[in-house]
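**Q** Provided below: input36.tsv, containing TSV, C-alpha atoms.
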```tsv
chain	number	residue	atom	x	y	z
H	1486	MET	CA	-1.13	-26.35	-23.67
H	1487	SER	CA	-3.73	-23.96	-22.37
H	1488	SER	CA	-4.16	-20.64	-20.62
H	1489	GLY	CA	-6.80	-19.51	-18.16
H	1490	THR	CA	-7.44	-18.73	-14.52
H	1491	TRP	CA	-8.25	-20.42	-11.25
H	1492	THR	CA	-9.06	-19.18	-7.77
H	1493	MET	CA	-6.66	-19.97	-4.93
H	1494	SER	CA	-7.20	-19.50	-1.19
H	1495	ASN	CA	-4.87	-20.24	1.68
H	1496	ALA	CA	-6.63	-21.69	4.73
H	1497	GLY	CA	-3.47	-21.41	6.82
H	1498	SER	CA	-1.99	-18.33	8.47
H	1499	GLY	CA	1.03	-17.75	6.25
H	1500	CYS	CA	1.87	-17.52	2.55
H	1501	LEU	CA	2.31	-19.82	-0.45
H	1502	ILE	CA	4.45	-19.12	-3.49
H	1503	LEU	CA	3.13	-20.40	-6.83
H	1504	SER	CA	6.02	-20.78	-9.28
H	1505	GLN	CA	6.03	-21.33	-13.04
H	1506	LEU	CA	8.64	-23.94	-13.91
H	1507	ALA	CA	10.19	-24.15	-17.39
H	1508	ASN	CA	10.23	-27.76	-18.54
H	1509	VAL	CA	12.90	-27.59	-21.23
H	1510	THR	CA	15.84	-26.81	-18.94
H	1511	GLU	CA	18.05	-29.48	-17.43
H	1512	THR	CA	18.40	-27.39	-14.29
H	1513	GLY	CA	15.06	-26.23	-12.94
H	1514	THR	CA	14.31	-22.60	-13.80
H	1515	ILE	CA	11.47	-20.60	-12.32
H	1516	THR	CA	10.36	-17.92	-14.77
H	1517	ALA	CA	7.74	-16.11	-12.64
H	1518	MET	CA	5.95	-16.41	-9.30
H	1519	VAL	CA	2.70	-15.44	-7.59
H	1520	PRO	CA	2.46	-15.13	-3.79
H	1521	VAL	CA	-0.81	-16.22	-2.14
H	1522	CYS	CA	-1.08	-15.15	1.49
H	1523	ALA	CA	-3.92	-16.05	3.84
H	1524	SER	CA	-4.54	-12.35	4.55
H	1525	ALA	CA	-5.31	-11.72	0.85
H	1526	GLY	CA	-8.32	-14.05	0.78
H	1527	ALA	CA	-9.25	-15.70	-2.52
H	1528	VAL	CA	-6.79	-14.78	-5.28
H	1529	THR	CA	-7.55	-15.11	-8.99
H	1530	VAL	CA	-4.50	-16.68	-10.61
H	1531	SER	CA	-3.88	-16.15	-14.33
H	1532	TRP	CA	-1.91	-18.81	-16.20
H	1533	PRO	CA	0.72	-18.64	-17.46
H	1534	PHE	CA	2.40	-16.15	-15.12
H	1535	SER	CA	4.89	-15.34	-17.88
H	1536	THR	CA	5.39	-16.12	-21.57
H	1537	ASP	CA	9.10	-16.71	-20.88
H	1538	GLY	CA	10.46	-20.23	-21.01
H	1539	ASP	CA	7.68	-22.62	-21.95
H	1540	GLY	CA	4.83	-20.23	-21.26
H	1541	ASP	CA	1.55	-22.12	-20.86
H	1542	ALA	CA	3.39	-25.43	-21.41
H	1543	SER	CA	5.18	-24.96	-18.10
H	1544	SER	CA	4.73	-26.96	-14.93
H	1545	LEU	CA	3.65	-25.48	-11.59
H	1546	LEU	CA	5.42	-25.62	-8.25
H	1547	ILE	CA	3.58	-24.64	-5.09
H	1548	TYR	CA	5.88	-23.84	-2.18
H	1549	GLY	CA	4.21	-24.18	1.22
H	1550	ASP	CA	5.16	-23.43	4.83
H	1551	VAL	CA	7.03	-20.35	3.61
H	1552	ALA	CA	8.95	-18.63	6.41
H	1553	GLU	CA	11.20	-15.58	6.55
H	1554	ASP	CA	14.91	-16.11	7.09
H	1555	SER	CA	18.03	-13.94	7.16
H	1556	THR	CA	18.21	-13.50	3.37
H	1557	GLY	CA	14.60	-13.73	2.22
H	1558	ALA	CA	12.29	-16.72	2.61
H	1559	SER	CA	12.49	-20.50	2.59
H	1560	ALA	CA	9.83	-23.14	2.03
H	1561	GLY	CA	9.13	-26.15	4.20
H	1562	CYS	CA	7.60	-28.26	1.42
H	1563	VAL	CA	6.64	-28.23	-2.26
H	1564	VAL	CA	3.96	-29.61	-4.58
H	1565	ALA	CA	4.87	-30.21	-8.23
H	1566	LEU	CA	2.05	-30.23	-10.82
H	1567	SER	CA	2.70	-31.27	-14.40
H	1568	GLU	CA	1.55	-29.37	-17.47
H	1569	MET	CA	-1.51	-31.66	-17.76
H	1570	GLN	CA	-2.39	-31.23	-14.09
H	1571	VAL	CA	-2.20	-27.45	-14.46
H	1572	MET	CA	-4.64	-27.68	-17.39
H	1573	TYR	CA	-7.01	-29.61	-15.10
H	1574	ILE	CA	-7.14	-26.92	-12.39
H	1575	LEU	CA	-7.95	-24.09	-14.82
H	1576	GLY	CA	-11.39	-22.69	-14.02
H	1577	ARG	CA	-11.52	-24.34	-10.61
H	1578	THR	CA	-11.72	-22.97	-7.05
H	1579	LEU	CA	-8.93	-24.37	-4.88
H	1580	THR	CA	-8.08	-24.09	-1.21
H	1581	TRP	CA	-4.68	-24.86	0.29
H	1582	GLU	CA	-5.40	-26.72	3.51
H	1583	THR	CA	-3.24	-26.53	6.63
H	1584	ASP	CA	-2.08	-30.14	6.15
H	1585	GLY	CA	-0.60	-29.33	2.71
H	1586	THR	CA	-3.42	-30.83	0.65
H	1587	ILE	CA	-5.44	-28.93	-1.96
H	1588	TYR	CA	-9.23	-28.98	-1.84
H	1589	ASP	CA	-11.09	-28.59	-5.12
H	1590	SER	CA	-14.44	-26.96	-4.34
H	1591	THR	CA	-15.54	-27.34	-7.97
H	1592	ALA	CA	-15.23	-31.13	-7.89
H	1593	GLY	CA	-15.96	-31.52	-4.17
H	1594	GLY	CA	-12.75	-33.39	-3.33
H	1595	TYR	CA	-8.97	-33.17	-2.91
H	1596	LEU	CA	-6.53	-33.04	-5.81
H	1597	SER	CA	-5.05	-36.48	-6.36
H	1598	ASP	CA	-2.45	-38.09	-8.57
H	1599	SER	CA	-4.22	-39.49	-11.64
H	1600	SER	CA	-1.90	-42.50	-11.81
H	1601	THR	CA	-1.88	-43.56	-8.16
H	1602	TYR	CA	-5.07	-41.84	-6.98
H	1603	ALA	CA	-3.18	-40.73	-3.90
H	1604	THR	CA	-4.01	-37.31	-2.50
H	1605	ILE	CA	-1.42	-34.77	-3.58
H	1606	THR	CA	0.33	-33.50	-0.46
H	1607	CYS	CA	3.06	-30.92	0.08
H	1608	GLY	CA	6.34	-32.60	0.98
H	1609	ALA	CA	10.11	-32.68	0.67
H	1610	ASP	CA	11.74	-32.81	-2.76
H	1611	ASP	CA	15.48	-32.54	-3.34
H	1612	THR	CA	14.94	-31.61	-6.99
H	1613	TYR	CA	12.61	-28.66	-6.49
H	1614	LEU	CA	13.49	-27.80	-2.91
H	1615	PRO	CA	17.21	-28.40	-2.39
H	1616	SER	CA	18.98	-27.45	0.81
H	1617	GLY	CA	19.47	-23.70	1.24
H	1618	PHE	CA	17.21	-22.76	-1.68
H	1619	ASN	CA	16.03	-19.18	-1.25
H	1620	LEU	CA	12.77	-17.55	-2.38
H	1621	PRO	CA	11.57	-13.93	-2.41
H	1622	ASP	CA	9.94	-13.00	0.88
H	1623	PRO	CA	6.13	-12.68	0.48
H	1624	TYR	CA	5.92	-11.04	3.91
H	1625	TYR	CA	8.26	-8.27	2.74
H	1626	TYR	CA	7.43	-7.72	-0.94
H	1627	SER	CA	3.97	-6.73	-2.09
H	1628	SER	CA	2.22	-9.00	-4.59
H	1629	THR	CA	2.85	-6.45	-7.37
H	1630	ALA	CA	6.61	-6.08	-6.76
H	1631	SER	CA	8.84	-6.73	-9.77
H	1632	VAL	CA	10.78	-9.39	-7.86
H	1633	TRP	CA	8.03	-11.91	-8.66
H	1634	ASP	CA	8.81	-11.60	-12.37
H	1635	GLU	CA	12.49	-12.45	-11.98
H	1636	THR	CA	14.00	-15.73	-13.20
H	1637	ILE	CA	15.40	-18.02	-10.50
H	1638	THR	CA	17.52	-21.12	-10.92
H	1639	ILE	CA	16.65	-23.91	-8.50
H	1640	GLU	CA	19.89	-24.98	-6.84
H	1641	ALA	CA	21.24	-25.69	-3.38
H	1642	ASN	CA	22.18	-22.56	-1.45
H	1643	GLY	CA	20.93	-20.46	-4.37
H	1644	GLY	CA	17.74	-18.96	-5.63
H	1645	ALA	CA	16.47	-15.44	-5.06
H	1646	ALA	CA	18.84	-12.63	-4.18
H	1647	ALA	CA	18.77	-11.08	-0.73
H	1648	GLU	CA	15.98	-8.61	-0.06
H	1649	THR	CA	16.21	-5.27	-1.86
H	1650	VAL	CA	13.74	-2.56	-2.75
H	1651	ASP	CA	12.28	-3.39	-6.16
H	1652	ASP	CA	12.24	-0.91	-9.05
H	1653	ALA	CA	8.71	0.25	-8.34
H	1654	GLY	CA	9.39	0.65	-4.63
H	1655	THR	CA	6.28	-1.34	-3.80
H	1656	THR	CA	7.41	-3.44	-0.86
H	1657	SER	CA	4.97	-3.27	2.03
H	1658	LEU	CA	7.78	-2.33	4.42
H	1659	ASP	CA	9.07	0.51	2.29
H	1660	ALA	CA	5.59	1.83	1.60
H	1661	THR	CA	5.00	2.15	5.35
H	1662	THR	CA	8.37	3.78	5.91
H	1663	ALA	CA	7.73	6.27	3.12
H	1664	VAL	CA	4.48	7.38	4.74
H	1665	VAL	CA	6.19	7.86	8.12
H	1666	GLU	CA	9.06	9.82	6.59
H	1667	THR	CA	6.68	12.05	4.63
H	1668	ALA	CA	4.63	12.81	7.72
H	1669	ALA	CA	7.78	13.68	9.67
H	1670	THR	CA	8.93	16.01	6.91
H	1671	LEU	CA	5.61	17.81	6.79
H	1672	THR	CA	5.47	18.40	10.53
H	1673	SER	CA	9.08	19.39	11.11
H	1674	ALA	CA	9.79	21.57	8.07
H	1675	THR	CA	10.71	25.22	8.86
H	1676	PRO	CA	8.64	27.80	6.92
H	1677	THR	CA	10.72	29.80	4.46
H	1678	THR	CA	8.24	32.73	4.38
H	1679	ALA	CA	8.38	35.15	7.32
H	1680	THR	CA	5.21	35.29	9.42
H	1681	PRO	CA	3.38	38.61	8.78
H	1682	THR	CA	3.37	40.98	11.78
H	1683	ALA	CA	1.38	44.14	12.40
H	1684	ALA	CA	3.42	47.34	12.06
H	1685	ALA	CA	3.18	49.81	14.98
H	1686	PRO	CA	1.49	53.12	14.06
H	1687	THR	CA	3.93	56.06	13.82
H	1688	SER	CA	1.41	58.91	14.19
H	1689	ALA	CA	-1.94	59.79	15.75
H	1690	THR	CA	-3.62	59.10	12.43
H	1691	SER	CA	-5.79	55.95	12.43
H	1692	THR	CA	-3.99	53.08	10.71
H	1693	THR	CA	-5.38	49.83	9.28
H	1694	VAL	CA	-2.92	46.94	9.11
H	1695	VAL	CA	-3.54	43.82	6.97
H	1696	THR	CA	-1.78	40.70	8.25
H	1697	SER	CA	-3.00	38.30	5.57
H	1698	PRO	CA	-5.41	38.35	2.63
H	1699	ALA	CA	-8.09	36.74	4.81
H	1700	VAL	CA	-7.67	38.66	8.08
H	1701	THR	CA	-7.74	42.39	8.87
H	1702	VAL	CA	-6.78	44.16	12.08
H	1703	ALA	CA	-9.15	46.82	13.50
H	1704	ALA	CA	-8.10	50.52	13.25
H	1705	THR	CA	-5.95	51.79	16.13
H	1706	ALA	CA	-5.11	55.36	17.24
H	1707	ALA	CA	-2.51	56.89	19.56
H	1708	GLU	CA	-3.80	58.37	22.86
H	1709	PRO	CA	-7.45	59.19	22.01
H	1710	ASP	CA	-8.69	62.72	23.04
H	1711	VAL	CA	-12.27	61.54	23.47
H	1712	ALA	CA	-13.83	59.39	26.15
H	1713	PRO	CA	-14.01	55.62	25.46
H	1714	ASP	CA	-17.80	55.70	25.39
H	1715	THR	CA	-17.85	57.97	22.30
H	1716	THR	CA	-15.18	56.10	20.31
H	1717	ILE	CA	-16.46	55.30	16.80
H	1718	THR	CA	-15.95	51.58	16.24
H	1719	SER	CA	-16.40	49.42	13.19
H	1720	ALA	CA	-19.42	47.86	14.95
H	1721	ASN	CA	-21.10	51.31	15.16
H	1722	ARG	CA	-20.42	52.01	11.51
H	1723	LEU	CA	-21.76	48.65	10.34
H	1724	GLY	CA	-24.80	48.81	12.61
H	1725	SER	CA	-24.12	45.28	13.86
H	1726	ALA	CA	-23.68	45.84	17.63
H	1727	GLY	CA	-23.82	48.39	20.49
H	1728	ASP	CA	-26.33	51.01	21.66
H	1729	ASN	CA	-25.85	53.11	18.49
H	1730	ASP	CA	-27.34	50.38	16.33
H	1731	GLY	CA	-27.99	51.00	12.61
H	1732	PRO	CA	-27.04	53.92	10.33
H	1733	GLY	CA	-28.65	56.41	12.77
H	1734	GLY	CA	-26.22	55.32	15.47
H	1735	TYR	CA	-23.35	56.58	13.35
H	1736	VAL	CA	-24.84	60.16	13.36
H	1737	VAL	CA	-25.40	60.09	17.14
H	1738	ALA	CA	-21.79	59.09	17.72
H	1739	ILE	CA	-20.59	61.98	15.51
H	1740	GLN	CA	-22.76	64.49	17.40
H	1741	GLN	CA	-21.48	63.26	20.77
H	1742	LEU	CA	-17.93	63.70	19.58
H	1743	GLU	CA	-18.62	67.28	18.34
H	1744	ARG	CA	-20.18	68.34	21.67
H	1745	ARG	CA	-17.12	67.18	23.59
H	1746	ILE	CA	-14.78	69.03	21.26
```
For this file, produce the structure as structure tokens.

**A**
Amino acid sequence: MSSGTWTMSNAGSGCLILSQLANVTETGTITAMVPVCASAGAVTVSWPFSTDGDGDASSLLIYGDVAEDSTGASAGCVVALSEMQVMYILGRTLTWETDGTIYDSTAGGYLSDSSTYATITCGADDTYLPSGFNLPDPYYYSSTASVWDETITIEANGGAAAETVDDAGTTSLDATTAVVETAATLTSATPTTATPTAAAPTSATSTTVVTSPAVTVAATAAEPDVAPDTTITSANRLGSAGDNDGPGGYVVAIQQLERRI
């Protein structure tokens, strides 16, 4: 019995499902799982996956050729490693090859059966991969979804329940949908606050209208009695533009207005 880690890579294009198998049950029971997809690169695997069942005294099943189906996912083959074999791979760097063998980069060779010296290869197994056995879908659920911590009984036409959103809502599909729905809500929502509008002046007195805290509207007047060229503008007053530039320009504009009156 031992705990530790190893590094696992998938040289193929799909996903593997590493499954912790309780040894004490007459019917095979998977107590926890870890998906390893090619797109994730090298994954550090911590053993045991769960303290349930036999904990670090458990065996390991590696399901390969995992494909989506109508209710979740199914495996095309399986590798079964005993408790002692699991202890051997702790601390090693492993690669799942496309032919279903496992390359041990630490030792510089392929994992083999210690009794027959035959290379361990993924294959059919009626005990651990019965007909119709269903697994959680690694192409649907994220690697942190709670579904990977659920207990599964290995039996024909049984296994994992049909796909559902897990408690944390962390499936890759639902995460994408949530982003799309949020974006749609933000762009289509109707404002509940009326848009500010400038009120029309009701007298000849100059009026300043504020449409928002950050924007002001220039003063307006009804039917001016003076010619446009002598109108006193905010630019004249601030000395920032026009012929009457600077504070002196303000006095000139006043004098012009008085002469016309």

**Q** Kindly give the distance, in Å, that separates CA of Ile1587 (chain H) and CA of Cys1607 (chain H), rounded to a single decimal.

**A**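 Interatomic distance here is 9.0 Å.
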
**Q** Just checking: using only C-alpha atoms, which residue out of H:Thr1492, H:Ser1567, H:Thr1536, H:Ser1531 ends up closest to Thr1516 (chain H)?

**A**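 Using only C-alpha atoms, Thr1516 (chain H) sits closest to H:Thr1536.
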
**Q** Using only C-alpha atoms, find the one residue out of H:Ala1592, H:Leu1503, H:Ala1646, H:Val1528 that sits nearest to Val1571 (chain H).

**A**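 Once distances to Val1571 (chain H) are computed over only C-alpha atoms, the minimum belongs to H:Leu1503.
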
**Q** Which of these residues is nearest to Tyr1624 (chain H), using all atoms listed in the file: H:Gly1557, H:Gly1513, H:Pro1533, H:Gly1497?

**A**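 Among H:Gly1557, H:Gly1513, H:Pro1533, H:Gly1497, it is H:Gly1557 that comes nearest to Tyr1624 (chain H).
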
**Q** Hey, can you check how far CA of Phe1534 (chain H) sits from CA of Thr1556 (chain H)?

**A** 24.5 Å

**Q** Return the single residue from H:Ala1507, H:Leu1546, H:Glu1553, H:Ser1488 that is closest to Tyr1626 (chain H), with distances computed using only C-alpha atoms.

**A**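 Closest candidate: H:Glu1553.
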
**Q** Work out how far apart CA of Tyr1602 (chain H) and CA of Gly1561 (chain H) are and give it in Å to one decimal.

**A** 23.9 Å

**Q** Contacts of region 1614-1623 of chain H at 7 Å or less, counting all atoms listed in the file, minus same-chain residues fewer than 5 places along, as a VMD selection string?

**A** chain H and resid 1500 1520 1553 1557 to 1559 1563 1609 1639 to 1645

**Q** Store the residues of this selection in a file with C-alpha atoms, as a compact mmCIF listing (two decimals), in the frame of the given file.

**A**
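Output contents, as saved in out26.txt:
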```
# COMPACT_ATOMS: atom_id res chain seq x y z
CA CYS H 1500 1.87 -17.52 2.55
CA PRO H 1520 2.46 -15.13 -3.79
CA GLU H 1553 11.20 -15.58 6.55
CA GLY H 1557 14.60 -13.73 2.22
CA ALA H 1558 12.29 -16.72 2.61
CA SER H 1559 12.49 -20.50 2.59
CA VAL H 1563 6.64 -28.23 -2.26
CA ALA H 1609 10.11 -32.68 0.67
CA ILE H 1639 16.65 -23.91 -8.50
CA GLU H 1640 19.89 -24.98 -6.84
CA ALA H 1641 21.24 -25.69 -3.38
CA ASN H 1642 22.18 -22.56 -1.45
CA GLY H 1643 20.93 -20.46 -4.37
CA GLY H 1644 17.74 -18.96 -5.63
CA ALA H 1645 16.47 -15.44 -5.06
```
